[in-house]
file coords.cif (mmCIF, C-alpha atoms)
data_start
#
loop_
_atom_site.label_atom_id
_atom_site.label_comp_id
_atom_site.auth_asym_id
_atom_site.auth_seq_id
_atom_site.Cartn_x
_atom_site.Cartn_y
_atom_site.Cartn_z
CA MET G 130 79.37 132.61 22.20
CA HIS G 131 82.72 134.12 23.12
CA VAL G 132 85.77 132.24 21.84
CA CYS G 133 89.18 132.87 23.41
CA VAL G 134 91.35 133.70 20.40
CA THR G 135 94.52 134.13 22.46
CA CYS G 136 94.52 130.51 23.70
CA LEU G 137 97.70 128.54 23.11
CA ALA G 138 96.20 125.23 24.26
CA GLY G 139 99.65 124.09 25.26
CA GLU G 140 101.28 124.93 21.94
CA ASP G 141 104.41 126.99 21.51
CA ARG G 142 103.88 130.71 22.05
CA GLU G 143 105.20 131.43 18.55
CA THR G 144 102.63 129.24 16.79
CA VAL G 145 100.61 131.30 14.32
CA PRO G 146 97.67 131.30 14.15
CA ARG G 147 97.08 130.32 17.75
CA ALA G 148 94.85 127.36 18.64
CA GLY G 149 92.11 129.68 19.92
CA ARG G 150 92.21 131.73 16.74
CA ARG G 151 91.96 128.55 14.63
CA LEU G 152 88.96 127.39 16.68
CA HIS G 153 87.25 130.77 16.34
CA ASP G 154 87.75 130.90 12.58
CA ALA G 155 86.57 127.30 12.11
CA LEU G 156 83.42 128.09 14.11
CA ALA G 157 82.73 131.26 12.16
CA ASP G 158 83.25 129.43 8.86
CA ALA G 159 80.96 126.57 9.88
CA GLN G 160 78.27 128.97 11.07
CA ARG G 161 78.38 130.82 7.75
CA ARG G 162 77.96 127.54 5.86
CA GLN G 163 74.80 126.67 7.80
CA ASP G 164 71.47 127.44 6.20
CA GLY G 165 69.23 130.10 7.66
CA LEU G 166 69.75 132.71 10.32
CA SER G 167 71.80 131.77 13.35
CA SER G 168 70.35 132.24 16.81
CA PHE G 169 73.65 133.36 18.36
CA ARG G 170 76.76 135.35 17.57
CA ILE G 171 80.36 134.15 17.65
CA ILE G 172 82.54 136.82 19.27
CA GLU G 173 86.31 137.02 19.75
CA ALA G 174 87.51 137.30 23.36
CA GLU G 175 90.94 137.79 24.88
CA CYS G 176 91.66 135.23 27.59
CA LEU G 177 88.84 133.60 29.52
CA SER G 178 91.33 132.74 32.31
CA ASN G 179 91.01 129.03 31.63
CA CYS G 180 94.49 128.66 30.20
CA ASN G 181 95.11 125.23 31.80
CA ARG G 182 92.21 123.62 29.96
CA GLY G 183 91.95 125.60 26.70
CA CYS G 184 90.69 126.07 24.13
CA SER G 185 87.78 127.80 25.83
CA VAL G 186 84.42 129.27 24.92
CA ALA G 187 81.75 130.99 27.02
CA LEU G 188 78.00 131.07 26.47
CA SER G 189 76.15 134.06 27.91
CA GLY G 190 73.22 136.38 27.39
CA PRO G 191 71.18 138.89 29.37
CA GLY G 192 69.18 137.25 32.18
CA ARG G 193 70.74 133.83 31.56
CA TRP G 194 73.06 131.41 33.27
CA SER G 195 76.54 131.70 31.71
CA TYR G 196 78.82 128.72 31.05
CA VAL G 197 82.52 128.36 30.40
CA TYR G 198 83.69 125.24 28.56
CA GLY G 199 87.24 124.00 28.09
CA ASP G 200 89.22 121.13 26.54
CA LEU G 201 88.01 122.25 23.10
CA SER G 202 89.61 122.07 19.66
CA GLN G 203 88.64 122.27 16.00
CA ALA G 204 87.18 118.77 16.41
CA SER G 205 84.54 120.36 18.66
CA VAL G 206 83.09 122.71 16.04
CA GLU G 207 79.89 120.85 15.12
CA ASP G 208 79.05 120.01 18.75
CA LEU G 209 79.74 123.60 19.79
CA LEU G 210 77.36 125.00 17.19
CA ALA G 211 74.65 122.48 18.14
CA GLY G 212 75.10 123.07 21.87
CA ALA G 213 75.08 126.84 21.51
CA SER G 214 71.87 126.65 19.44
CA ARG G 215 70.18 124.68 22.21
CA TYR G 216 71.42 127.21 24.76
CA ALA G 217 70.08 130.09 22.65
CA ALA G 218 66.68 128.36 22.42
CA THR G 219 66.19 128.40 26.21
CA GLU G 220 64.82 131.26 28.27
CA ASP G 221 67.34 131.04 31.10
CA GLY G 222 70.35 129.28 29.58
CA LEU G 223 69.59 125.96 31.29
CA VAL G 224 69.70 123.12 28.76
CA PRO G 225 68.50 119.72 30.09
CA TRP G 226 71.50 117.51 30.86
CA ARG G 227 70.57 114.83 28.32
CA GLU G 228 70.40 117.42 25.53
CA ARG G 229 73.91 118.74 26.17
CA PRO G 230 76.67 117.51 23.87
CA THR G 231 79.33 115.37 25.56
CA ILE G 232 81.91 118.14 25.22
CA PHE G 233 79.66 120.30 27.43
CA ARG G 234 79.06 117.56 30.00
CA LYS G 235 82.74 116.74 30.35
CA GLY G 236 84.30 120.12 29.60
CA VAL G 237 82.33 122.46 31.85
CA ILE G 238 84.73 124.70 33.74
CA ALA G 239 82.23 126.82 35.64
CA ARG G 240 78.82 128.42 35.40
CA ILE G 241 77.46 131.71 36.72
CA PRO G 242 73.85 132.55 37.60
CA PRO G 243 72.10 135.42 35.79
CA ALA G 244 73.65 138.74 36.77
CA PRO G 245 71.93 140.35 39.73
CA LYS G 246 70.63 143.86 39.32
CA PRO G 247 72.93 146.52 40.85
CA VAL G 248 72.32 147.44 44.50
CA MET O 12 78.40 137.94 44.56
CA HIS O 13 76.98 134.43 44.18
CA VAL O 14 78.24 131.89 46.70
CA CYS O 15 77.83 128.18 45.99
CA VAL O 16 76.08 126.90 49.13
CA THR O 17 76.04 123.27 47.97
CA CYS O 18 79.83 122.99 47.81
CA LEU O 19 81.38 120.14 49.77
CA ALA O 20 84.97 121.29 49.19
CA GLY O 21 86.09 117.70 49.52
CA GLU O 22 84.30 117.05 52.80
CA ASP O 23 82.01 114.14 53.46
CA ARG O 24 78.62 114.45 51.80
CA GLU O 25 76.89 114.14 55.16
CA THR O 26 78.70 117.12 56.73
CA VAL O 27 76.18 119.71 57.90
CA PRO O 28 76.32 122.58 57.26
CA ARG O 29 78.26 122.17 54.04
CA ALA O 30 81.49 124.10 53.44
CA GLY O 31 79.77 126.35 50.88
CA ARG O 32 76.94 127.12 53.28
CA ARG O 33 79.44 127.98 56.02
CA LEU O 34 81.31 130.32 53.65
CA HIS O 35 78.07 132.01 52.58
CA ASP O 36 76.92 132.56 56.13
CA ALA O 37 80.31 133.87 57.25
CA LEU O 38 80.31 136.33 54.33
CA ALA O 39 76.77 137.49 55.08
CA ASP O 40 77.61 137.94 58.77
CA ALA O 41 80.79 139.89 58.01
CA GLN O 42 78.98 142.11 55.52
CA ARG O 43 76.30 142.89 58.11
CA ARG O 44 78.98 143.86 60.63
CA GLN O 45 80.55 146.38 58.24
CA ASP O 46 79.60 150.02 58.60
CA GLY O 47 77.58 151.72 55.91
CA LEU O 48 75.74 150.46 52.88
CA SER O 49 77.32 147.66 50.90
CA SER O 50 77.90 148.09 47.19
CA PHE O 51 77.00 144.49 46.33
CA ARG O 52 74.67 141.69 47.35
CA ILE O 53 75.62 138.21 48.58
CA ILE O 54 73.35 135.63 46.93
CA GLU O 55 73.06 131.88 47.45
CA ALA O 56 73.68 129.72 44.37
CA GLU O 57 73.40 126.00 43.76
CA CYS O 58 76.54 124.59 42.16
CA LEU O 59 78.79 126.79 40.08
CA SER O 60 80.22 123.65 38.41
CA ASN O 61 83.62 124.19 39.96
CA CYS O 62 83.37 121.23 42.33
CA ASN O 63 87.06 120.25 41.96
CA ARG O 64 88.29 123.57 43.32
CA GLY O 65 85.53 124.67 45.71
CA CYS O 66 84.46 126.60 47.61
CA SER O 67 83.45 128.91 44.79
CA VAL O 68 82.02 132.37 44.32
CA ALA O 69 81.09 134.33 41.19
CA LEU O 70 81.11 138.08 40.66
CA SER O 71 78.75 139.41 38.02
CA GLY O 72 76.59 142.36 37.07
CA PRO O 73 74.83 143.73 33.98
CA GLY O 74 77.28 144.90 31.31
CA ARG O 75 80.33 143.62 33.24
CA TRP O 76 82.95 140.95 32.96
CA SER O 77 82.02 138.03 35.25
CA TYR O 78 84.55 136.07 37.30
CA VAL O 79 84.49 132.68 39.00
CA TYR O 80 86.91 132.11 41.87
CA GLY O 81 87.75 128.85 43.61
CA ASP O 82 89.97 127.39 46.36
CA LEU O 83 88.04 129.50 48.91
CA SER O 84 87.18 128.93 52.56
CA GLN O 85 86.06 130.88 55.61
CA ALA O 86 89.63 132.19 55.81
CA SER O 87 88.89 134.10 52.59
CA VAL O 88 86.02 136.19 53.96
CA GLU O 89 87.77 139.53 54.46
CA ASP O 90 89.60 139.35 51.14
CA LEU O 91 86.38 138.36 49.36
CA LEU O 92 84.50 141.35 50.73
CA ALA O 93 87.35 143.72 49.82
CA GLY O 94 87.75 142.23 46.34
CA ALA O 95 84.03 142.32 45.62
CA SER O 96 83.87 145.96 46.71
CA ARG O 97 86.62 146.85 44.26
CA TYR O 98 84.79 144.94 41.53
CA ALA O 99 81.54 146.76 42.32
CA ALA O 100 83.35 150.12 42.10
CA THR O 101 84.37 149.54 38.46
CA GLU O 102 82.27 150.25 35.39
CA ASP O 103 83.09 147.04 33.53
CA GLY O 104 84.18 144.59 36.22
CA LEU O 105 87.88 144.89 35.36
CA VAL O 106 89.92 145.53 38.51
CA PRO O 107 93.61 146.35 37.91
CA TRP O 108 95.75 143.29 38.62
CA ARG O 109 97.71 144.94 41.45
CA GLU O 110 94.48 145.82 43.27
CA ARG O 111 93.15 142.25 43.25
CA PRO O 112 93.53 140.25 46.46
CA THR O 113 95.87 137.27 46.21
CA ILE O 114 92.95 134.84 46.45
CA PHE O 115 91.62 136.37 43.21
CA ARG O 116 94.98 136.26 41.43
CA LYS O 117 95.63 132.63 42.32
CA GLY O 118 92.08 131.30 42.48
CA VAL O 119 90.56 132.55 39.25
CA ILE O 120 88.76 129.68 37.53
CA ALA O 121 87.37 131.53 34.51
CA ARG O 122 86.01 134.85 33.39
CA ILE O 123 83.29 135.76 30.89
CA PRO O 124 82.96 138.97 28.88
CA PRO O 125 79.83 141.12 29.27
CA ALA O 126 76.81 139.30 27.87
CA PRO O 127 76.16 140.14 24.22
CA LYS O 128 72.77 141.45 23.27
CA PRO O 129 70.50 138.77 21.76
CA VAL O 130 70.63 138.31 17.96
#
call {"tool": "encode", "arguments": {"input": "coords.cif", "output": "structure tokens"}}
result
Amino acid sequence: MHVCVTCLAGEDRETVPRAGRRLHDALADAQRRQDGLSSFRIIEAECLSNCNRGCSVALSGPGRWSYVYGDLSQASVEDLLAGASRYAATEDGLVPWRERPTIFRKGVIARIPPAPKPV
Amino acid sequence: MHVCVTCLAGEDRETVPRAGRRLHDALADAQRRQDGLSSFRIIEAECLSNCNRGCSVALSGPGRWSYVYGDLSQASVEDLLAGASRYAATEDGLVPWRERPTIFRKGVIARIPPAPKPV
């Protein structure tokens, strides 16, 4: 899971730390507090080009559908971890609609099919 | 390049062929008319979850940044082919801003870093 750490989410440009950085750190902290090994990594990213609906995260992996989600905040941490775990448990990245957290149903910005092999 | 062929782009649901299908077919036709071998494939996709700003395409490839673009139509065909060629010519999917067609600068919906390797 990539988390945009440069996101302002509408806040003043001088706010430190930025909203995206706060979301990233809250996710990383919550993942560390969970028992057992995690099935996915949380990775910092610079701008996912979804600035109008940040904070943003992206779920991706080789051979999988990728998803970008927006309208996120620190209130989304538990749902993000649960949703990303379900994503990681699939073969192709497609989680059944009913099993997706509400923040994923309402906050989907776009999705991309598995990357084609080069010509 | 994935093209959403189910996109309505605000048209009536009964319109046949759909706006996304028309864009896909126009792209495929234009690519066939070009001289030489193309550096990328045009692939049909069902819903890129960008329904509010369709038509939509996605550029992706192994080890590359992926991009979703919206606000597209058959008027975008030549710029799409040129922009996708520049994307295909990069190592990582990052085309310098000045070399991106205007439809890419204004119509970017989101981007996703290269897929991380599984945990």
call {"tool": "calpha_fit_and_write", "arguments": {"input": "coords.cif", "fixed": "chain G", "moving": "chain O", "output": "PDB file with C-alpha atoms, in the coordinates of the input"}}
result
ATOM      1  CA  MET O  12      79.364 132.606  22.179  1.00  0.00           C
ATOM      2  CA  HIS O  13      82.726 134.121  23.118  1.00  0.00           C
ATOM      3  CA  VAL O  14      85.764 132.245  21.835  1.00  0.00           C
ATOM      4  CA  CYS O  15      89.164 132.883  23.406  1.00  0.00           C
ATOM      5  CA  VAL O  16      91.353 133.713  20.392  1.00  0.00           C
ATOM      6  CA  THR O  17      94.531 134.118  22.456  1.00  0.00           C
ATOM      7  CA  CYS O  18      94.512 130.524  23.701  1.00  0.00           C
ATOM      8  CA  LEU O  19      97.678 128.529  23.099  1.00  0.00           C
ATOM      9  CA  ALA O  20      96.184 125.225  24.282  1.00  0.00           C
ATOM     10  CA  GLY O  21      99.650 124.104  25.272  1.00  0.00           C
ATOM     11  CA  GLU O  22     101.274 124.925  21.944  1.00  0.00           C
ATOM     12  CA  ASP O  23     104.396 126.980  21.524  1.00  0.00           C
ATOM     13  CA  ARG O  24     103.871 130.693  22.057  1.00  0.00           C
ATOM     14  CA  GLU O  25     105.185 131.430  18.577  1.00  0.00           C
ATOM     15  CA  THR O  26     102.627 129.218  16.792  1.00  0.00           C
ATOM     16  CA  VAL O  27     100.617 131.283  14.318  1.00  0.00           C
ATOM     17  CA  PRO O  28      97.677 131.289  14.152  1.00  0.00           C
ATOM     18  CA  ARG O  29      97.079 130.320  17.758  1.00  0.00           C
ATOM     19  CA  ALA O  30      94.854 127.358  18.647  1.00  0.00           C
ATOM     20  CA  GLY O  31      92.114 129.690  19.924  1.00  0.00           C
ATOM     21  CA  ARG O  32      92.203 131.736  16.735  1.00  0.00           C
ATOM     22  CA  ARG O  33      91.953 128.565  14.642  1.00  0.00           C
ATOM     23  CA  LEU O  34      88.945 127.393  16.685  1.00  0.00           C
ATOM     24  CA  HIS O  35      87.243 130.781  16.332  1.00  0.00           C
ATOM     25  CA  ASP O  36      87.745 130.897  12.596  1.00  0.00           C
ATOM     26  CA  ALA O  37      86.568 127.313  12.113  1.00  0.00           C
ATOM     27  CA  LEU O  38      83.418 128.089  14.126  1.00  0.00           C
ATOM     28  CA  ALA O  39      82.734 131.269  12.160  1.00  0.00           C
ATOM     29  CA  ASP O  40      83.241 129.435   8.858  1.00  0.00           C
ATOM     30  CA  ALA O  41      80.957 126.565   9.876  1.00  0.00           C
ATOM     31  CA  GLN O  42      78.270 128.964  11.071  1.00  0.00           C
ATOM     32  CA  ARG O  43      78.392 130.813   7.745  1.00  0.00           C
ATOM     33  CA  ARG O  44      77.965 127.529   5.873  1.00  0.00           C
ATOM     34  CA  GLN O  45      74.798 126.649   7.804  1.00  0.00           C
ATOM     35  CA  ASP O  46      71.459 127.416   6.209  1.00  0.00           C
ATOM     36  CA  GLY O  47      69.232 130.079   7.676  1.00  0.00           C
ATOM     37  CA  LEU O  48      69.746 132.701  10.325  1.00  0.00           C
ATOM     38  CA  SER O  49      71.801 131.766  13.351  1.00  0.00           C
ATOM     39  CA  SER O  50      70.351 132.230  16.811  1.00  0.00           C
ATOM     40  CA  PHE O  51      73.637 133.378  18.358  1.00  0.00           C
ATOM     41  CA  ARG O  52      76.753 135.371  17.564  1.00  0.00           C
ATOM     42  CA  ILE O  53      80.367 134.162  17.648  1.00  0.00           C
ATOM     43  CA  ILE O  54      82.549 136.833  19.272  1.00  0.00           C
ATOM     44  CA  GLU O  55      86.311 137.016  19.752  1.00  0.00           C
ATOM     45  CA  ALA O  56      87.517 137.299  23.357  1.00  0.00           C
ATOM     46  CA  GLU O  57      90.945 137.785  24.874  1.00  0.00           C
ATOM     47  CA  CYS O  58      91.666 135.228  27.585  1.00  0.00           C
ATOM     48  CA  LEU O  59      88.847 133.613  29.501  1.00  0.00           C
ATOM     49  CA  SER O  60      91.322 132.741  32.295  1.00  0.00           C
ATOM     50  CA  ASN O  61      91.000 129.038  31.631  1.00  0.00           C
ATOM     51  CA  CYS O  62      94.499 128.661  30.196  1.00  0.00           C
ATOM     52  CA  ASN O  63      95.102 125.230  31.802  1.00  0.00           C
ATOM     53  CA  ARG O  64      92.198 123.630  29.960  1.00  0.00           C
ATOM     54  CA  GLY O  65      91.963 125.607  26.708  1.00  0.00           C
ATOM     55  CA  CYS O  66      90.690 126.085  24.134  1.00  0.00           C
ATOM     56  CA  SER O  67      87.776 127.806  25.824  1.00  0.00           C
ATOM     57  CA  VAL O  68      84.417 129.265  24.916  1.00  0.00           C
ATOM     58  CA  ALA O  69      81.752 131.000  27.011  1.00  0.00           C
ATOM     59  CA  LEU O  70      78.004 131.079  26.468  1.00  0.00           C
ATOM     60  CA  SER O  71      76.168 134.060  27.900  1.00  0.00           C
ATOM     61  CA  GLY O  72      73.218 136.361  27.379  1.00  0.00           C
ATOM     62  CA  PRO O  73      71.183 138.889  29.377  1.00  0.00           C
ATOM     63  CA  GLY O  74      69.181 137.258  32.176  1.00  0.00           C
ATOM     64  CA  ARG O  75      70.734 133.810  31.570  1.00  0.00           C
ATOM     65  CA  TRP O  76      73.054 131.404  33.273  1.00  0.00           C
ATOM     66  CA  SER O  77      76.537 131.702  31.717  1.00  0.00           C
ATOM     67  CA  TYR O  78      78.808 128.729  31.050  1.00  0.00           C
ATOM     68  CA  VAL O  79      82.527 128.359  30.403  1.00  0.00           C
ATOM     69  CA  TYR O  80      83.691 125.248  28.564  1.00  0.00           C
ATOM     70  CA  GLY O  81      87.238 124.001  28.087  1.00  0.00           C
ATOM     71  CA  ASP O  82      89.237 121.126  26.552  1.00  0.00           C
ATOM     72  CA  LEU O  83      88.021 122.248  23.096  1.00  0.00           C
ATOM     73  CA  SER O  84      89.607 122.072  19.655  1.00  0.00           C
ATOM     74  CA  GLN O  85      88.627 122.280  16.001  1.00  0.00           C
ATOM     75  CA  ALA O  86      87.191 118.777  16.415  1.00  0.00           C
ATOM     76  CA  SER O  87      84.537 120.354  18.658  1.00  0.00           C
ATOM     77  CA  VAL O  88      83.083 122.707  16.043  1.00  0.00           C
ATOM     78  CA  GLU O  89      79.895 120.844  15.129  1.00  0.00           C
ATOM     79  CA  ASP O  90      79.056 120.006  18.734  1.00  0.00           C
ATOM     80  CA  LEU O  91      79.736 123.605  19.783  1.00  0.00           C
ATOM     81  CA  LEU O  92      77.354 124.995  17.186  1.00  0.00           C
ATOM     82  CA  ALA O  93      74.647 122.477  18.138  1.00  0.00           C
ATOM     83  CA  GLY O  94      75.116 123.075  21.868  1.00  0.00           C
ATOM     84  CA  ALA O  95      75.076 126.847  21.506  1.00  0.00           C
ATOM     85  CA  SER O  96      71.883 126.653  19.450  1.00  0.00           C
ATOM     86  CA  ARG O  97      70.190 124.677  22.204  1.00  0.00           C
ATOM     87  CA  TYR O  98      71.409 127.215  24.758  1.00  0.00           C
ATOM     88  CA  ALA O  99      70.083 130.096  22.651  1.00  0.00           C
ATOM     89  CA  ALA O 100      66.678 128.375  22.412  1.00  0.00           C
ATOM     90  CA  THR O 101      66.189 128.409  26.205  1.00  0.00           C
ATOM     91  CA  GLU O 102      64.816 131.267  28.275  1.00  0.00           C
ATOM     92  CA  ASP O 103      67.347 131.034  31.100  1.00  0.00           C
ATOM     93  CA  GLY O 104      70.355 129.274  29.590  1.00  0.00           C
ATOM     94  CA  LEU O 105      69.595 125.953  31.296  1.00  0.00           C
ATOM     95  CA  VAL O 106      69.697 123.113  28.762  1.00  0.00           C
ATOM     96  CA  PRO O 107      68.508 119.723  30.082  1.00  0.00           C
ATOM     97  CA  TRP O 108      71.501 117.509  30.850  1.00  0.00           C
ATOM     98  CA  ARG O 109      70.551 114.822  28.311  1.00  0.00           C
ATOM     99  CA  GLU O 110      70.404 117.411  25.519  1.00  0.00           C
ATOM    100  CA  ARG O 111      73.915 118.740  26.166  1.00  0.00           C
ATOM    101  CA  PRO O 112      76.677 117.513  23.861  1.00  0.00           C
ATOM    102  CA  THR O 113      79.322 115.372  25.546  1.00  0.00           C
ATOM    103  CA  ILE O 114      81.910 118.142  25.210  1.00  0.00           C
ATOM    104  CA  PHE O 115      79.654 120.297  27.418  1.00  0.00           C
ATOM    105  CA  ARG O 116      79.063 117.562  29.995  1.00  0.00           C
ATOM    106  CA  LYS O 117      82.748 116.737  30.353  1.00  0.00           C
ATOM    107  CA  GLY O 118      84.299 120.121  29.618  1.00  0.00           C
ATOM    108  CA  VAL O 119      82.327 122.459  31.842  1.00  0.00           C
ATOM    109  CA  ILE O 120      84.738 124.701  33.738  1.00  0.00           C
ATOM    110  CA  ALA O 121      82.237 126.849  35.638  1.00  0.00           C
ATOM    111  CA  ARG O 122      78.834 128.423  35.387  1.00  0.00           C
ATOM    112  CA  ILE O 123      77.462 131.716  36.709  1.00  0.00           C
ATOM    113  CA  PRO O 124      73.858 132.548  37.587  1.00  0.00           C
ATOM    114  CA  PRO O 125      72.099 135.421  35.790  1.00  0.00           C
ATOM    115  CA  ALA O 126      73.667 138.733  36.772  1.00  0.00           C
ATOM    116  CA  PRO O 127      71.919 140.356  39.731  1.00  0.00           C
ATOM    117  CA  LYS O 128      70.624 143.860  39.333  1.00  0.00           C
ATOM    118  CA  PRO O 129      72.939 146.493  40.856  1.00  0.00           C
ATOM    119  CA  VAL O 130      72.350 147.425  44.524  1.00  0.00           C
TER     120      VAL O 130
END
call {"tool": "atom_distance", "arguments": {"input": "coords.cif", "atom1": "atom CA of Ala204 of chain G", "atom2": "atom CA of Ile123 of chain O"}}
result
22.7 Å
call {"tool": "resolve_selection", "arguments": {"input": "coords.cif", "expression": "the PyMOL selection byres ((chain G) within 6 of (chain O))", "output": "PyMOL selection string"}}
result
chain G and resi 169+177-179+189-191+239-240+244-245+248
call {"tool": "resolve_selection", "arguments": {"input": "coords.cif", "expression": "the PyMOL selection byres ((chain G and resi 215) around 10)", "output": "PDB file with C-alpha atoms, keeping the file's coordinate frame"}}
result
ATOM      1  CA  SER G 168      70.350 132.240  16.810  1.00  0.00           C
ATOM      2  CA  LEU G 209      79.740 123.600  19.790  1.00  0.00           C
ATOM      3  CA  LEU G 210      77.360 125.000  17.190  1.00  0.00           C
ATOM      4  CA  ALA G 211      74.650 122.480  18.140  1.00  0.00           C
ATOM      5  CA  GLY G 212      75.100 123.070  21.870  1.00  0.00           C
ATOM      6  CA  ALA G 213      75.080 126.840  21.510  1.00  0.00           C
ATOM      7  CA  SER G 214      71.870 126.650  19.440  1.00  0.00           C
ATOM      8  CA  TYR G 216      71.420 127.210  24.760  1.00  0.00           C
ATOM      9  CA  ALA G 217      70.080 130.090  22.650  1.00  0.00           C
ATOM     10  CA  ALA G 218      66.680 128.360  22.420  1.00  0.00           C
ATOM     11  CA  THR G 219      66.190 128.400  26.210  1.00  0.00           C
ATOM     12  CA  GLY G 222      70.350 129.280  29.580  1.00  0.00           C
ATOM     13  CA  LEU G 223      69.590 125.960  31.290  1.00  0.00           C
ATOM     14  CA  VAL G 224      69.700 123.120  28.760  1.00  0.00           C
ATOM     15  CA  PRO G 225      68.500 119.720  30.090  1.00  0.00           C
ATOM     16  CA  GLU G 228      70.400 117.420  25.530  1.00  0.00           C
ATOM     17  CA  ARG G 229      73.910 118.740  26.170  1.00  0.00           C
ATOM     18  CA  PRO G 230      76.670 117.510  23.870  1.00  0.00           C
TER      19      PRO G 230
END
call {"tool": "resolve_selection", "arguments": {"input": "coords.cif", "expression": "the PyMOL selection byres ((chain O and resi 88) around 8)", "output": "ChimeraX atom specification"}}
result
/O:34,37-38,41,84-87,89-92
call {"tool": "atom_distance", "arguments": {"input": "coords.cif", "atom1": "atom CA of Ala20 of chain O", "atom2": "atom CA of Cys66 of chain O"}}
result
5.6 Å
call {"tool": "atom_distance", "arguments": {"input": "coords.cif", "atom1": "atom CA of Gly139 of chain G", "atom2": "atom CA of Arg151 of chain G"}}
result
13.9 Å
call {"tool": "axis_aligned_box", "arguments": {"input": "coords.cif", "around": "segment 152-165 of chain G", "padding_each_side": "5 Å", "output": "lines of an AutoDock Vina configuration file"}}
result
center_x = 79.1
center_y = 128.9
center_z = 11.3
size_x = 29.7
size_y = 14.7
size_z = 20.8
